[in-house]
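Scroll down for the structure; my scribbles are underneath it.
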Amino acid sequence: MGLFLAAALLLALHTVLTAKDASLHLKLQHGFHNAQVLVWVDGSLAYSGRVTGSTKKRFGLIPTDSVQGSLSEIIPLRSGQHKIDVRIEPDDATMQEDSISGFFDHDSQRDLSVSARQSGLSLSWLGTSISPAESADTFGWFSRYAGSFLLTIGGSIVSAITGYAIKELPARFRSTSESAPKVELGPQ
């Protein structure tokens with residue numbers, strides 16, 4: 001029983017120390033037909049994948065010489081200070097590499113913008129970190145959409161009252177005009 005308790009304690013300690021309780025949202029814009037993307041967090045490979053781009057068109061019809069592609073990827077990691085290294089290995093250009101450091105709060109997500117072009121690679125943090133718990137909260141969702149929700153309900157009520165008035169008011173006017181005594185004017 002003591003051995004089981006020690007193993008459970010070690011497993012719990014390992015889970016606490018290695019839990020990935022934050023995330024990195026990688027937003028890549030690139031100008032290559034094909035490229036390999038590699039992302040390291042503190043020297044450990046965290047993401048590897050291929051991206052493709054397509055030829056841009058002017059006015060949606062005329063092809064140009066430039067290529068455009070994008071990638072959006074969520075990478076889980078531990079909270080704390082991290083060094084992020086990004087490498088782009090295009091099939092038709094030279095390899096590009098850059099790094100950036102940032103702090104990740106507990107239960108938060110940070111957005112990293114990566115722009116990879118023939119001229120070079122640039123990394124920058126977007127906005128501030130957000131807590132996934134706050135963004136997934138039901139009350140937070142309702143408070144963001146409460147105005148639209150209440151306006152929709154109000155519009156439905158006004159529409160129902162208008163429909164009732166259009167249907168019932170002419171019938172009431174007809175019945176009151178038929179029940180009113182008719183005065184005939186005869187020869188005078």
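Identifiers in this document derive from the order of the structure tokens: chains are assigned A, B, ..., residues are numbered from 1 separately in each chain, and ligands are numbered from 1 in order of occurrence.
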List the neighbours of Glu97 of chain A out to 8 Å using only C-alpha atoms; skip same-chain residues closer than 6 positions along the sequence, and give me the result as a list of chain:residue names.
A:Asp85, A:Val86, A:Arg87, A:Ile88, A:Leu121
DSSP strand (DSSP E) residues within segment 49-139 of chain A, listed as a ChimeraX atom specification:
/A:49-52,54-58,62-77,80-90,96-104,109-117,120-130
9 Å contact set for Gln81 of chain A, only C-alpha atoms, chain neighbours under 6 positions out, as number ranges by chain
A: 101-105
